[in-house]
>>> print(open('structure08.txt').read())   # compact mmCIF, C-alpha atoms and all ligand atoms
# COMPACT_ATOMS: atom_id res chain seq x y z
CA MET N 1 26.10 11.66 -27.96
CA ASP N 2 25.14 8.09 -28.79
CA PRO N 3 21.44 7.44 -28.37
CA LEU N 4 20.47 5.63 -25.17
CA ARG N 5 19.75 1.97 -25.80
CA LEU N 6 16.25 1.59 -24.39
CA ALA N 7 14.18 -1.57 -23.96
CA THR N 8 10.69 -2.19 -22.60
CA VAL N 9 9.57 -5.64 -21.52
CA TRP N 10 6.11 -7.07 -20.91
CA MET N 11 5.88 -9.80 -18.28
CA GLY N 12 2.86 -10.67 -16.09
CA GLY N 13 0.85 -7.48 -16.58
CA CYS N 14 -2.13 -6.29 -18.61
CA ALA N 15 -0.14 -4.04 -21.03
CA GLY N 16 -1.66 -1.01 -19.31
CA CYS N 17 1.80 0.29 -18.42
CA HIS N 18 2.81 0.10 -22.07
CA MET N 19 -0.42 1.90 -23.00
CA SER N 20 0.55 4.61 -20.55
CA PHE N 21 3.99 4.76 -22.16
CA LEU N 22 2.34 5.39 -25.53
CA ASP N 23 0.30 8.04 -23.77
CA LEU N 24 3.50 10.11 -23.51
CA ASP N 25 2.25 11.72 -26.74
CA GLU N 26 4.59 14.43 -28.02
CA PHE N 27 7.30 13.47 -25.50
CA LEU N 28 7.70 10.32 -27.62
CA ILE N 29 8.76 12.60 -30.48
CA ASP N 30 11.32 14.34 -28.24
CA LEU N 31 12.46 10.91 -27.14
CA ALA N 32 12.86 9.46 -30.64
CA PRO N 33 16.22 11.06 -31.56
CA LYS N 34 17.67 10.43 -28.08
CA VAL N 35 16.96 6.73 -27.77
CA GLU N 36 17.27 3.59 -29.80
CA LEU N 37 14.43 1.25 -28.94
CA VAL N 38 16.28 -2.07 -29.10
CA PHE N 39 13.65 -4.39 -27.64
CA SER N 40 9.96 -3.93 -26.88
CA PRO N 41 6.52 -5.43 -27.55
CA VAL N 42 6.09 -2.58 -30.02
CA VAL N 43 9.19 -3.38 -32.10
CA ASP N 44 10.11 -6.54 -33.94
CA ALA N 45 13.08 -7.90 -32.02
CA LYS N 46 13.10 -11.57 -31.04
CA GLU N 47 16.09 -11.72 -28.70
CA TYR N 48 16.87 -9.38 -25.82
CA PRO N 49 20.18 -7.78 -26.93
CA GLU N 50 23.44 -7.19 -25.05
CA GLY N 51 24.50 -3.74 -23.88
CA VAL N 52 21.12 -2.21 -23.05
CA ASP N 53 21.31 1.07 -21.12
CA LEU N 54 17.80 1.27 -19.70
CA VAL N 55 14.90 -1.16 -19.45
CA LEU N 56 11.36 -0.63 -18.21
CA ILE N 57 9.89 -3.95 -17.09
CA GLU N 58 6.13 -4.18 -16.84
CA GLY N 59 4.47 -7.01 -14.95
CA ALA N 60 5.09 -9.48 -12.16
CA VAL N 61 7.24 -12.58 -12.51
CA CYS N 62 4.77 -15.43 -12.85
CA ASN N 63 6.18 -18.17 -15.06
CA GLU N 64 9.49 -19.90 -15.75
CA GLU N 65 10.15 -17.86 -18.85
CA HIS N 66 9.83 -14.63 -16.85
CA VAL N 67 12.46 -15.82 -14.36
CA GLU N 68 14.91 -16.70 -17.11
CA MET N 69 14.20 -13.44 -18.95
CA ALA N 70 14.63 -11.36 -15.76
CA HIS N 71 18.10 -12.79 -15.17
CA LYS N 72 19.08 -12.32 -18.79
CA ILE N 73 17.88 -8.70 -18.68
CA ARG N 74 19.85 -8.03 -15.51
CA ARG N 75 23.05 -9.40 -17.05
CA ARG N 76 22.63 -7.35 -20.20
CA THR N 77 21.31 -4.06 -18.83
CA LYS N 78 22.78 -1.13 -16.93
CA THR N 79 19.63 0.32 -15.36
CA VAL N 80 16.53 -1.73 -14.53
CA VAL N 81 13.24 0.00 -13.73
CA ALA N 82 10.27 -1.86 -12.19
CA PHE N 83 7.57 -0.34 -14.33
CA GLY N 84 4.12 -0.23 -12.68
CA ASP N 85 2.46 -1.88 -9.68
CA CYS N 86 2.60 -5.48 -10.97
CA ALA N 87 6.39 -5.27 -11.26
CA VAL N 88 6.72 -3.36 -7.96
CA THR N 89 4.20 -5.17 -5.72
CA GLY N 90 2.82 -8.14 -7.64
CA ASN N 91 -0.53 -6.31 -7.70
CA VAL N 92 -3.53 -8.12 -9.24
CA THR N 93 -1.24 -10.62 -10.97
CA ALA N 94 -0.09 -11.91 -7.58
CA MET N 95 -3.57 -12.27 -6.10
CA ARG N 96 -3.55 -15.97 -6.93
CA ASN N 97 -0.83 -16.39 -4.28
CA GLN N 98 -3.59 -15.92 -1.69
CA LEU N 99 -5.06 -19.26 -2.75
CA GLY N 100 -1.98 -20.99 -1.35
CA LEU N 101 -0.47 -24.21 -2.65
CA GLY N 102 -1.88 -25.47 -5.93
CA ASN N 103 -3.04 -22.00 -6.94
CA ALA N 104 -1.51 -22.27 -10.42
CA GLU N 105 -3.50 -25.45 -11.15
CA ASN N 106 -6.69 -23.90 -9.74
CA VAL N 107 -6.32 -20.80 -11.85
CA LEU N 108 -5.74 -22.81 -15.03
CA GLN N 109 -8.65 -25.11 -14.21
CA ARG N 110 -10.95 -22.15 -13.71
CA ALA N 111 -9.85 -20.24 -16.81
CA TYR N 112 -9.53 -23.06 -19.32
CA ILE N 113 -11.93 -25.78 -18.14
CA GLU N 114 -14.72 -24.38 -15.95
CA LEU N 115 -15.24 -21.27 -18.06
CA ALA N 116 -14.76 -23.00 -21.41
CA ASP N 117 -17.76 -23.40 -23.70
CA SER N 118 -17.37 -27.02 -24.71
CA THR N 119 -13.84 -28.11 -25.62
CA GLY N 120 -11.87 -26.90 -22.60
CA ARG N 121 -8.19 -27.87 -22.53
CA ILE N 122 -5.29 -26.58 -20.46
CA PRO N 123 -2.51 -25.33 -22.79
CA LYS N 124 0.54 -27.31 -21.76
CA LEU N 125 2.86 -27.83 -24.75
CA LYS N 126 6.37 -28.35 -23.37
CA GLY N 127 8.80 -25.74 -24.66
CA ILE N 128 5.97 -23.57 -25.99
CA VAL N 129 3.77 -22.65 -23.04
CA PRO N 130 5.93 -21.76 -20.04
CA GLU N 131 4.99 -23.36 -16.70
CA LEU N 132 3.33 -21.05 -14.17
CA LEU N 133 5.27 -20.55 -10.94
CA GLU N 134 3.59 -21.62 -7.70
CA HIS N 135 4.23 -18.13 -6.34
CA VAL N 136 3.99 -14.90 -8.33
CA MET N 137 6.77 -12.44 -7.38
CA PRO N 138 7.39 -8.74 -7.72
CA LEU N 139 10.51 -8.09 -9.80
CA GLN N 140 12.77 -7.17 -6.88
CA GLU N 141 12.32 -10.65 -5.39
CA VAL N 142 14.05 -12.05 -8.47
CA ILE N 143 16.64 -9.49 -9.58
CA HIS N 144 18.12 -6.24 -8.31
CA VAL N 145 15.97 -3.28 -9.32
CA ASP N 146 17.52 0.18 -9.67
CA TYR N 147 14.39 2.35 -9.73
CA TYR N 148 10.72 1.91 -8.95
CA LEU N 149 7.92 3.47 -10.95
CA PRO N 150 4.69 2.57 -9.13
CA GLY N 151 1.15 3.14 -10.36
CA CYS N 152 -1.55 1.06 -12.02
CA PRO N 153 -0.66 2.20 -14.58
CA PRO N 154 1.95 4.89 -13.83
CA PRO N 155 0.54 8.07 -15.39
CA ALA N 156 2.43 9.33 -18.44
CA ASP N 157 3.91 12.36 -16.64
CA ARG N 158 5.33 10.04 -13.95
CA ILE N 159 7.06 8.00 -16.67
CA LYS N 160 8.28 11.22 -18.24
CA ALA N 161 9.72 12.43 -14.94
CA LEU N 162 11.72 9.24 -14.45
CA VAL N 163 12.85 8.64 -18.03
CA GLY N 164 13.55 12.36 -18.50
CA ALA N 165 15.81 12.46 -15.46
CA LEU N 166 17.71 9.33 -16.55
CA LEU N 167 18.18 10.75 -20.05
CA ALA N 168 19.59 13.94 -18.57
CA GLY N 169 22.05 11.86 -16.56
CA GLN N 170 20.38 12.71 -13.25
CA THR N 171 19.30 10.40 -10.44
CA PRO N 172 15.50 10.27 -10.62
CA LYS N 173 13.76 11.14 -7.40
CA LEU N 174 10.05 10.48 -7.45
CA GLU N 175 8.24 11.44 -4.27
CA GLY N 176 4.84 12.23 -2.78
CA LYS N 177 1.90 11.37 -5.03
CA ASP N 178 4.33 10.33 -7.75
CA ILE N 179 4.97 7.08 -5.91
CA LYS N 180 1.34 6.31 -5.06
CA PHE N 181 0.30 2.71 -5.67
CA GLY N 182 -2.94 2.04 -7.51
CA MET Q 1 -4.15 22.17 36.49
CA CYS Q 2 -0.48 23.01 36.10
CA ALA Q 3 1.28 23.20 32.77
CA LYS Q 4 4.46 21.47 31.68
CA THR Q 5 7.19 22.90 29.48
CA LEU Q 6 9.07 20.81 26.96
CA THR Q 7 10.94 21.12 23.67
CA ILE Q 8 9.64 19.58 20.45
CA ASP Q 9 11.88 19.80 17.38
CA GLY Q 10 13.69 22.74 18.96
CA ASN Q 11 10.50 24.67 19.81
CA GLU Q 12 9.64 25.54 23.41
CA VAL Q 13 6.15 24.19 23.98
CA SER Q 14 3.86 24.23 26.99
CA ALA Q 15 1.26 21.53 27.49
CA ALA Q 16 -1.41 20.57 29.98
CA ASP Q 17 -0.30 18.34 32.82
CA ASP Q 18 -1.97 15.22 31.44
CA ALA Q 19 -1.26 15.91 27.75
CA THR Q 20 0.43 13.34 25.53
CA ILE Q 21 3.38 14.22 23.32
CA LEU Q 22 0.95 14.02 20.40
CA ASP Q 23 -1.42 16.52 22.06
CA ALA Q 24 1.45 18.91 22.77
CA ALA Q 25 2.82 18.64 19.23
CA THR Q 26 -0.60 19.09 17.63
CA GLU Q 27 -1.23 22.14 19.81
CA ALA Q 28 2.09 23.58 18.64
CA GLY Q 29 1.29 22.90 14.99
CA ILE Q 30 3.86 20.11 14.65
CA LYS Q 31 2.52 17.20 12.66
CA ILE Q 32 3.31 13.67 13.80
CA PRO Q 33 2.01 10.91 11.51
CA THR Q 34 -0.60 8.65 13.14
CA LEU Q 35 -2.79 5.75 12.09
CA CYS Q 36 -4.49 4.16 15.09
CA HIS Q 37 -5.07 7.51 16.81
CA LEU Q 38 -8.60 8.87 16.39
CA GLU Q 39 -9.83 12.08 18.00
CA GLY Q 40 -12.62 11.33 20.45
CA VAL Q 41 -11.63 7.84 21.57
CA TYR Q 42 -8.81 6.76 23.86
CA ASP Q 43 -5.41 5.79 22.43
CA ILE Q 44 -3.91 2.33 22.48
CA GLY Q 45 -0.56 2.79 20.71
CA ALA Q 46 -1.16 -0.03 18.23
CA CYS Q 47 0.35 1.18 14.96
CA ARG Q 48 3.68 2.69 16.09
CA LEU Q 49 3.59 5.26 13.29
CA CYS Q 50 3.80 8.10 15.82
CA LEU Q 51 7.11 6.97 17.35
CA VAL Q 52 9.33 9.87 18.42
CA GLU Q 53 12.73 10.26 20.06
CA ALA Q 54 13.29 11.83 23.46
CA VAL Q 55 16.83 12.90 24.33
CA GLY Q 56 18.25 10.65 27.04
CA ILE Q 57 15.79 7.80 26.47
CA PRO Q 58 17.23 5.05 24.27
CA LYS Q 59 13.94 3.55 23.09
CA LEU Q 60 11.47 5.24 20.78
CA LEU Q 61 8.21 6.43 22.34
CA PRO Q 62 4.72 6.36 20.87
CA ALA Q 63 3.62 10.01 20.92
CA CYS Q 64 -0.07 9.15 21.27
CA THR Q 65 0.24 7.25 24.54
CA THR Q 66 3.28 8.90 26.17
CA LYS Q 67 2.49 11.70 28.62
CA VAL Q 68 4.66 14.79 28.53
CA VAL Q 69 7.33 15.18 31.21
CA GLU Q 70 8.71 18.51 32.40
CA GLY Q 71 11.85 19.47 30.49
CA MET Q 72 11.51 16.67 27.94
CA ASN Q 73 13.38 17.20 24.65
CA VAL Q 74 11.46 15.49 21.84
CA ARG Q 75 12.43 14.99 18.21
CA THR Q 76 9.74 13.95 15.74
CA ASP Q 77 11.58 13.84 12.45
CA THR Q 78 15.07 12.37 12.66
CA GLU Q 79 16.67 9.94 10.23
CA ARG Q 80 16.21 7.10 12.73
CA ILE Q 81 12.50 7.80 13.10
CA ARG Q 82 11.97 8.11 9.38
CA LYS Q 83 13.68 4.75 8.95
CA TYR Q 84 11.42 3.02 11.47
CA ARG Q 85 8.26 4.64 10.15
CA ARG Q 86 9.03 3.36 6.69
CA ILE Q 87 9.78 -0.14 8.02
CA ASN Q 88 6.49 -0.03 9.88
CA LEU Q 89 4.54 0.97 6.81
CA GLU Q 90 6.21 -1.69 4.69
CA LEU Q 91 5.39 -4.38 7.24
CA LEU Q 92 1.73 -3.31 7.23
CA PHE Q 93 1.64 -3.73 3.47
CA ALA Q 94 3.48 -7.07 3.57
CA GLU Q 95 1.26 -8.57 6.26
CA ARG Q 96 -2.11 -8.41 4.44
CA ASN Q 97 -3.21 -8.06 0.83
CA HIS Q 98 -3.18 -4.42 -0.19
CA VAL Q 99 -3.98 -4.24 -3.86
CA CYS Q 100 -4.55 -0.49 -4.17
CA SER Q 101 -5.45 -0.63 -7.85
CA VAL Q 102 -8.64 -2.60 -7.12
CA CYS Q 103 -9.36 -1.32 -3.60
CA VAL Q 104 -12.54 0.56 -2.63
CA SER Q 105 -10.39 3.11 -0.79
CA ASN Q 106 -7.87 3.82 -3.54
CA ASN Q 107 -7.05 7.56 -3.35
CA HIS Q 108 -8.97 7.94 -0.06
CA CYS Q 109 -6.81 5.85 2.21
CA GLU Q 110 -4.73 6.98 5.18
CA LEU Q 111 -2.35 4.04 4.85
CA GLN Q 112 -1.73 4.68 1.17
CA THR Q 113 -1.19 8.42 1.77
CA LEU Q 114 1.24 7.80 4.62
CA ALA Q 115 3.14 5.33 2.45
CA TYR Q 116 3.75 7.76 -0.39
CA ASN Q 117 4.48 10.61 1.98
CA HIS Q 118 7.17 8.49 3.59
CA GLY Q 119 8.92 7.62 0.35
CA MET Q 120 7.65 4.04 0.14
CA ASP Q 121 8.12 3.32 -3.56
CA HIS Q 122 8.34 -0.44 -2.92
CA VAL Q 123 8.22 -2.95 -0.06
CA ARG Q 124 11.53 -4.59 0.87
CA TYR Q 125 9.95 -7.53 2.71
CA ASP Q 126 8.40 -10.58 1.13
CA TYR Q 127 4.63 -10.24 0.95
CA LEU Q 128 2.86 -12.89 3.01
CA PHE Q 129 -0.21 -13.19 0.74
CA PRO Q 130 -2.41 -14.56 3.55
CA LYS Q 131 -5.83 -15.95 2.83
CA TRP Q 132 -8.59 -13.77 4.29
CA ALA Q 133 -12.30 -13.55 3.66
CA VAL Q 134 -14.55 -10.59 2.90
CA ASP Q 135 -17.72 -10.44 5.05
CA THR Q 136 -20.60 -8.99 3.06
CA THR Q 137 -23.42 -10.40 5.19
CA HIS Q 138 -24.38 -7.01 6.62
CA PRO Q 139 -27.09 -5.30 4.55
CA ARG Q 140 -25.25 -1.97 4.44
CA TYR Q 141 -21.56 -2.50 5.12
CA GLY Q 142 -18.76 -4.85 4.21
CA MET Q 143 -15.60 -5.95 6.03
CA ASP Q 144 -12.52 -6.89 4.03
CA HIS Q 145 -9.88 -8.44 6.28
CA ASN Q 146 -7.35 -8.24 3.46
CA ARG Q 147 -7.12 -4.49 3.99
CA CYS Q 148 -7.33 -4.37 7.81
CA ILE Q 149 -4.33 -3.01 9.74
CA LEU Q 150 -5.79 -3.90 13.16
CA CYS Q 151 -5.76 -0.31 14.35
CA THR Q 152 -9.05 -1.03 16.22
CA ARG Q 153 -10.46 2.41 15.51
CA CYS Q 154 -13.69 0.66 14.51
CA VAL Q 155 -13.80 -1.30 17.76
CA ARG Q 156 -13.26 1.81 19.87
CA VAL Q 157 -15.94 3.92 18.14
CA CYS Q 158 -18.34 0.97 18.26
CA TRP Q 159 -17.94 0.59 22.03
CA HIS Q 160 -17.22 4.11 23.19
CA VAL Q 161 -19.06 6.42 20.82
CA GLU Q 162 -21.99 4.32 19.65
CA GLY Q 163 -22.06 2.13 22.76
CA ALA Q 164 -23.10 -0.94 20.80
CA GLY Q 165 -20.11 -3.17 21.52
CA THR Q 166 -20.52 -5.23 18.36
CA LEU Q 167 -16.99 -5.18 17.00
CA ASN Q 168 -14.05 -6.72 18.78
CA THR Q 169 -10.71 -8.40 18.13
CA ALA Q 170 -9.96 -12.11 18.26
CA GLY Q 171 -6.91 -14.26 17.59
CA ARG Q 172 -3.23 -13.54 18.04
CA GLY Q 173 -0.38 -12.00 16.06
CA ALA Q 174 -0.77 -11.84 12.31
CA ARG Q 175 -3.93 -13.99 12.52
CA SER Q 176 -5.70 -11.43 14.75
CA GLN Q 177 -8.89 -10.18 13.22
CA ILE Q 178 -11.85 -7.90 13.76
CA ILE Q 179 -14.98 -9.86 14.70
CA ALA Q 180 -18.67 -9.07 15.13
CA ASP Q 181 -20.40 -10.30 18.29
CA LEU Q 182 -19.40 -13.92 18.98
CA ILE Q 183 -17.33 -14.37 15.79
CA GLN Q 184 -20.54 -14.29 13.76
CA PRO Q 185 -21.16 -13.08 10.27
CA TRP Q 186 -21.65 -9.32 10.68
CA GLY Q 187 -25.17 -9.53 9.27
CA GLU Q 188 -26.15 -11.87 12.11
CA ALA Q 189 -24.70 -9.73 14.89
CA ASP Q 190 -27.83 -8.59 16.77
CA SER Q 191 -26.05 -5.87 18.73
CA CYS Q 192 -25.09 -3.89 15.60
CA THR Q 193 -27.21 -0.76 15.21
CA SER Q 194 -26.02 -0.18 11.62
CA CYS Q 195 -24.86 3.30 12.64
CA GLY Q 196 -21.84 3.15 10.32
CA LYS Q 197 -19.41 4.89 12.70
CA CYS Q 198 -16.91 2.06 12.26
CA VAL Q 199 -16.95 2.67 8.51
CA MET Q 200 -16.34 6.39 9.05
CA ALA Q 201 -13.50 5.62 11.47
CA CYS Q 202 -11.65 3.05 9.35
CA PRO Q 203 -8.47 4.50 7.80
CA THR Q 204 -8.28 1.92 5.00
CA GLY Q 205 -10.47 -0.02 2.62
CA ALA Q 206 -11.25 -2.66 5.27
CA LEU Q 207 -14.70 -1.28 6.13
CA PHE Q 208 -16.84 0.01 3.33
CA GLN Q 209 -20.36 0.79 2.24
CA ARG Q 210 -21.76 -2.02 0.16
CA GLY Q 211 -22.02 -1.07 -3.47
CA ALA Q 212 -18.87 1.06 -3.33
CA THR Q 213 -16.54 0.01 -6.09
CA VAL Q 214 -12.85 0.77 -6.77
CA GLY Q 215 -11.84 4.15 -5.35
CA GLU Q 216 -15.38 5.07 -4.34
CA MET Q 217 -15.14 4.59 -0.59
CA GLU Q 218 -14.70 7.97 1.09
CA HIS Q 219 -14.91 7.60 4.82
CA ASP Q 220 -17.00 10.64 5.76
CA ARG Q 221 -14.65 11.48 8.63
CA GLU Q 222 -16.30 14.93 9.08
CA LYS Q 223 -19.53 13.26 10.13
CA LEU Q 224 -17.71 11.35 12.85
CA GLU Q 225 -15.90 14.50 14.00
CA PHE Q 226 -19.28 16.25 14.18
CA ILE Q 227 -20.69 13.52 16.43
CA ILE Q 228 -17.60 13.49 18.64
CA THR Q 229 -17.56 17.29 19.02
CA ALA Q 230 -21.22 17.16 19.93
CA ARG Q 231 -20.56 14.53 22.60
CA GLU Q 232 -17.51 16.17 24.11
CA LYS Q 233 -18.33 19.87 23.84
CA LYS Q 234 -22.14 19.68 23.64
CA GLN Q 235 -21.84 21.74 20.48
CA TRP Q 236 -23.52 20.84 17.23
CA ILE Q 237 -21.10 22.39 14.76
CA PRO Q 238 -21.61 21.15 11.22
S1 LIG C 301 -6.52 -0.18 2.14
FE1 LIG C 301 -5.34 1.56 1.34
S2 LIG C 301 -3.25 0.78 1.17
FE2 LIG C 301 -4.62 -0.98 1.37
S3 LIG C 301 -5.11 -1.58 -0.74
FE3 LIG C 301 -6.69 -0.16 -0.09
S4 LIG C 301 -5.99 1.85 -0.81
FE4 LIG C 301 -4.21 0.49 -0.83
S1 LIG C 302 -11.41 -2.62 10.10
FE1 LIG C 302 -10.50 -0.60 9.68
S2 LIG C 302 -10.77 0.54 11.62
FE2 LIG C 302 -11.09 -1.63 12.09
S3 LIG C 302 -9.10 -2.37 12.78
FE3 LIG C 302 -9.23 -2.79 10.57
S4 LIG C 302 -8.28 -1.03 9.56
FE4 LIG C 302 -8.73 -0.42 11.70
S1 LIG C 303 -0.97 6.70 16.47
FE1 LIG C 303 0.37 6.31 18.12
S2 LIG C 303 0.72 4.17 17.98
FE2 LIG C 303 -0.76 4.54 16.42
>>> encode(input="structure08.txt", output="structure tokens")
Amino acid sequence: MDPLRLATVWMGGCAGCHMSFLDLDEFLIDLAPKVELVFSPVVDAKEYPEGVDLVLIEGAVCNEEHVEMAHKIRRRTKTVVAFGDCAVTGNVTAMRNQLGLGNAENVLQRAYIELADSTGRIPKLKGIVPELLEHVMPLQEVIHVDYYLPGCPPPADRIKALVGALLAGQTPKLEGKDIKFG
Amino acid sequence: MCAKTLTIDGNEVSAADDATILDAATEAGIKIPTLCHLEGVYDIGACRLCLVEAVGIPKLLPACTTKVVEGMNVRTDTERIRKYRRINLELLFAERNHVCSVCVSNNHCELQTLAYNHGMDHVRYDYLFPKWAVDTTHPRYGMDHNRCILCTRCVRVCWHVEGAGTLNTAGRGARSQIIADLIQPWGEADSCTSCGKCVMACPTGALFQRGATVGEMEHDREKLEFIITAREKKQWIP
């Protein structure tokens, strides 16, 4: 059987979900011969490829690049998993939405000017630093999501349950505490 | 007092004349999910989590405020009910800011537990992200409106168990909120006795002990049950 073409993507999250993925320990060794990791923050691929079987997307959608990337991923991928609370609910990443209109400016002002030591400057290079959206969104507000893997971060055995089922060609069915937020 | 006979999920059940469907089900060991219901204070039917079906009645009935009727045939776990319960839970999450990962009640929250027990792996509605404040003016307790589901359990224990009458509701619809005295900062509400029953009664992370950080707020429900048993049965059973 051809190895499953797997990708993992890091959007507006803290990388905790990816840490949890690495926390799969020896399951990663079982996984290695069954998958080809075609795109991920932990491999050196610049462009999201065509014909991906499964992607785990960590993080909320919070800038223009994320929106573009989400659509590209959807076009090129069979199964999309919202990986962790930021992707599923917006979580901490979306808390700036509570500040209402102008929240993106306020957040940048706070982070890069008010808290700067002396030479504060908002990074704004066109084409290099993507513009923040006015409203941070969970993934399913932007593209169709096939499966949800909640948790902040999802514990390793929860990831294993979902990825394991998909590898075995089954429909994953997480329930009870396995879908707890937080 | 005469008894009534009814059927719940196919089981013949008898219940006291003035019992609610929830009372009858609980007595028979049938669990109906609830949120605004709290043993020891009267019910108001605010959360709609306890909705059940009764054969021959087209609308769904809140089990906590509907009295049993002779011969009634109740169903507590049909596909239709499960659908509405999940919608209900999702709307509660969408209406305020529930960020479980940084919430004082993470892992000790009735709303969170109900959500995962009802298969809520995501919310299908757009989150409203409203702007709400956190009141930390009280020396011992805090009130976080972001996490409040307006069940009014706190209000009812404050008035009817403690007898202080500090907490209340104000406003309408989604902008309703729990207030202290005359919409004052809680710390300035003279009527508050700092008994903490509201904090014990709260099902979510909305009321908390100051100093509690993420996941630390356990609501000490046993203490409240102890007080209520003592009041109702004159028994001090720890
Ligand atoms: S109150 Fe409960 S559901 Fe809401 S954020 Fe806190 S733990 Fe989550
Ligand atoms: S503060 Fe807690 S007990 Fe009071 S209405 Fe809100 S959720 Fe219910
Ligand atoms: S428990 Fe019956 S409506 Fe809330």
>>> interface_residues(input="structure08.txt", of="chain N", to="chain Q", cutoff="9 Å", atoms="all atoms listed in the file", output="compact mmCIF listing (two decimals) with C-alpha atoms, in the frame of the given file")
# COMPACT_ATOMS: atom_id res chain seq x y z
CA ASP N 85 2.46 -1.88 -9.68
CA VAL N 88 6.72 -3.36 -7.96
CA THR N 89 4.20 -5.17 -5.72
CA GLY N 90 2.82 -8.14 -7.64
CA ASN N 91 -0.53 -6.31 -7.70
CA VAL N 92 -3.53 -8.12 -9.24
CA ALA N 94 -0.09 -11.91 -7.58
CA MET N 95 -3.57 -12.27 -6.10
CA ARG N 96 -3.55 -15.97 -6.93
CA ASN N 97 -0.83 -16.39 -4.28
CA GLN N 98 -3.59 -15.92 -1.69
CA LEU N 99 -5.06 -19.26 -2.75
CA GLY N 100 -1.98 -20.99 -1.35
CA MET N 137 6.77 -12.44 -7.38
CA GLN N 140 12.77 -7.17 -6.88
CA GLU N 141 12.32 -10.65 -5.39
CA TYR N 147 14.39 2.35 -9.73
CA TYR N 148 10.72 1.91 -8.95
CA LEU N 149 7.92 3.47 -10.95
CA PRO N 150 4.69 2.57 -9.13
CA GLY N 151 1.15 3.14 -10.36
CA CYS N 152 -1.55 1.06 -12.02
CA PRO N 153 -0.66 2.20 -14.58
CA LEU N 174 10.05 10.48 -7.45
CA GLU N 175 8.24 11.44 -4.27
CA GLY N 176 4.84 12.23 -2.78
CA LYS N 177 1.90 11.37 -5.03
CA ASP N 178 4.33 10.33 -7.75
CA ILE N 179 4.97 7.08 -5.91
CA LYS N 180 1.34 6.31 -5.06
CA PHE N 181 0.30 2.71 -5.67
CA GLY N 182 -2.94 2.04 -7.51
>>> residues_around(input="structure08.txt", residues="His144 (chain N)", least_positions_apart="6", cutoff="10 Å", atoms="only C-alpha atoms", output="ChimeraX atom specification")
/N:70-71,74,79-82
>>> residues_near_ligand(input="structure08.txt", ligand="ligand LIG 302 (chain C)", cutoff="8 Å", atoms="all atoms listed in the file", output="PDB file with C-alpha atoms, in the coordinates of the input")
ATOM      1  CA  CYS Q  36      -4.490   4.160  15.090  1.00  0.00           C
ATOM      2  CA  MET Q 143     -15.600  -5.950   6.030  1.00  0.00           C
ATOM      3  CA  ASP Q 144     -12.520  -6.890   4.030  1.00  0.00           C
ATOM      4  CA  HIS Q 145      -9.880  -8.440   6.280  1.00  0.00           C
ATOM      5  CA  ARG Q 147      -7.120  -4.490   3.990  1.00  0.00           C
ATOM      6  CA  CYS Q 148      -7.330  -4.370   7.810  1.00  0.00           C
ATOM      7  CA  ILE Q 149      -4.330  -3.010   9.740  1.00  0.00           C
ATOM      8  CA  LEU Q 150      -5.790  -3.900  13.160  1.00  0.00           C
ATOM      9  CA  CYS Q 151      -5.760  -0.310  14.350  1.00  0.00           C
ATOM     10  CA  THR Q 152      -9.050  -1.030  16.220  1.00  0.00           C
ATOM     11  CA  ARG Q 153     -10.460   2.410  15.510  1.00  0.00           C
ATOM     12  CA  CYS Q 154     -13.690   0.660  14.510  1.00  0.00           C
ATOM     13  CA  VAL Q 155     -13.800  -1.300  17.760  1.00  0.00           C
ATOM     14  CA  GLN Q 177      -8.890 -10.180  13.220  1.00  0.00           C
ATOM     15  CA  ILE Q 178     -11.850  -7.900  13.760  1.00  0.00           C
ATOM     16  CA  CYS Q 198     -16.910   2.060  12.260  1.00  0.00           C
ATOM     17  CA  VAL Q 199     -16.950   2.670   8.510  1.00  0.00           C
ATOM     18  CA  ALA Q 201     -13.500   5.620  11.470  1.00  0.00           C
ATOM     19  CA  CYS Q 202     -11.650   3.050   9.350  1.00  0.00           C
ATOM     20  CA  PRO Q 203      -8.470   4.500   7.800  1.00  0.00           C
ATOM     21  CA  THR Q 204      -8.280   1.920   5.000  1.00  0.00           C
ATOM     22  CA  GLY Q 205     -10.470  -0.020   2.620  1.00  0.00           C
ATOM     23  CA  ALA Q 206     -11.250  -2.660   5.270  1.00  0.00           C
ATOM     24  CA  LEU Q 207     -14.700  -1.280   6.130  1.00  0.00           C
TER      25      LEU Q 207
END
>>> residues_around(input="structure08.txt", residues="region 127-129 of chain N", least_positions_apart="3", cutoff="12 Å", atoms="only C-alpha atoms", output="list in words")
Asn63, Glu64, Glu65, His66, Ile122, Pro123, Lys124 and Leu132 of chain N
>>> axis_aligned_box(input="structure08.txt", around="region 13-19 of chain N", padding_each_side="6 Å", output="lines of an AutoDock Vina configuration file")
center_x = 0.3
center_y = -2.8
center_z = -19.8
size_x = 16.9
size_y = 21.4
size_z = 18.4
>>> residues_near_ligand(input="structure08.txt", ligand="ligand LIG 303 (chain C)", cutoff="8 Å", atoms="all atoms listed in the file", output="MDAnalysis selection string")
chainID Q and resid 33:38 43:51 62:65 151
>>> residues_near_point(input="structure08.txt", point="(6.7, 21.9, 29.5)", cutoff="7 Å", atoms="all atoms listed in the file", output="number ranges by chain")
Q: 3-6, 13-15, 69-71
>>> write_last_selection(input="structure08.txt", atoms="C-alpha atoms", output="CSV table (one decimal), keeping the file's coordinate frame")
chain,number,residue,atom,x,y,z
Q,3,ALA,CA,1.3,23.2,32.8
Q,4,LYS,CA,4.5,21.5,31.7
Q,5,THR,CA,7.2,22.9,29.5
Q,6,LEU,CA,9.1,20.8,27.0
Q,13,VAL,CA,6.2,24.2,24.0
Q,14,SER,CA,3.9,24.2,27.0
Q,15,ALA,CA,1.3,21.5,27.5
Q,69,VAL,CA,7.3,15.2,31.2
Q,70,GLU,CA,8.7,18.5,32.4
Q,71,GLY,CA,11.8,19.5,30.5
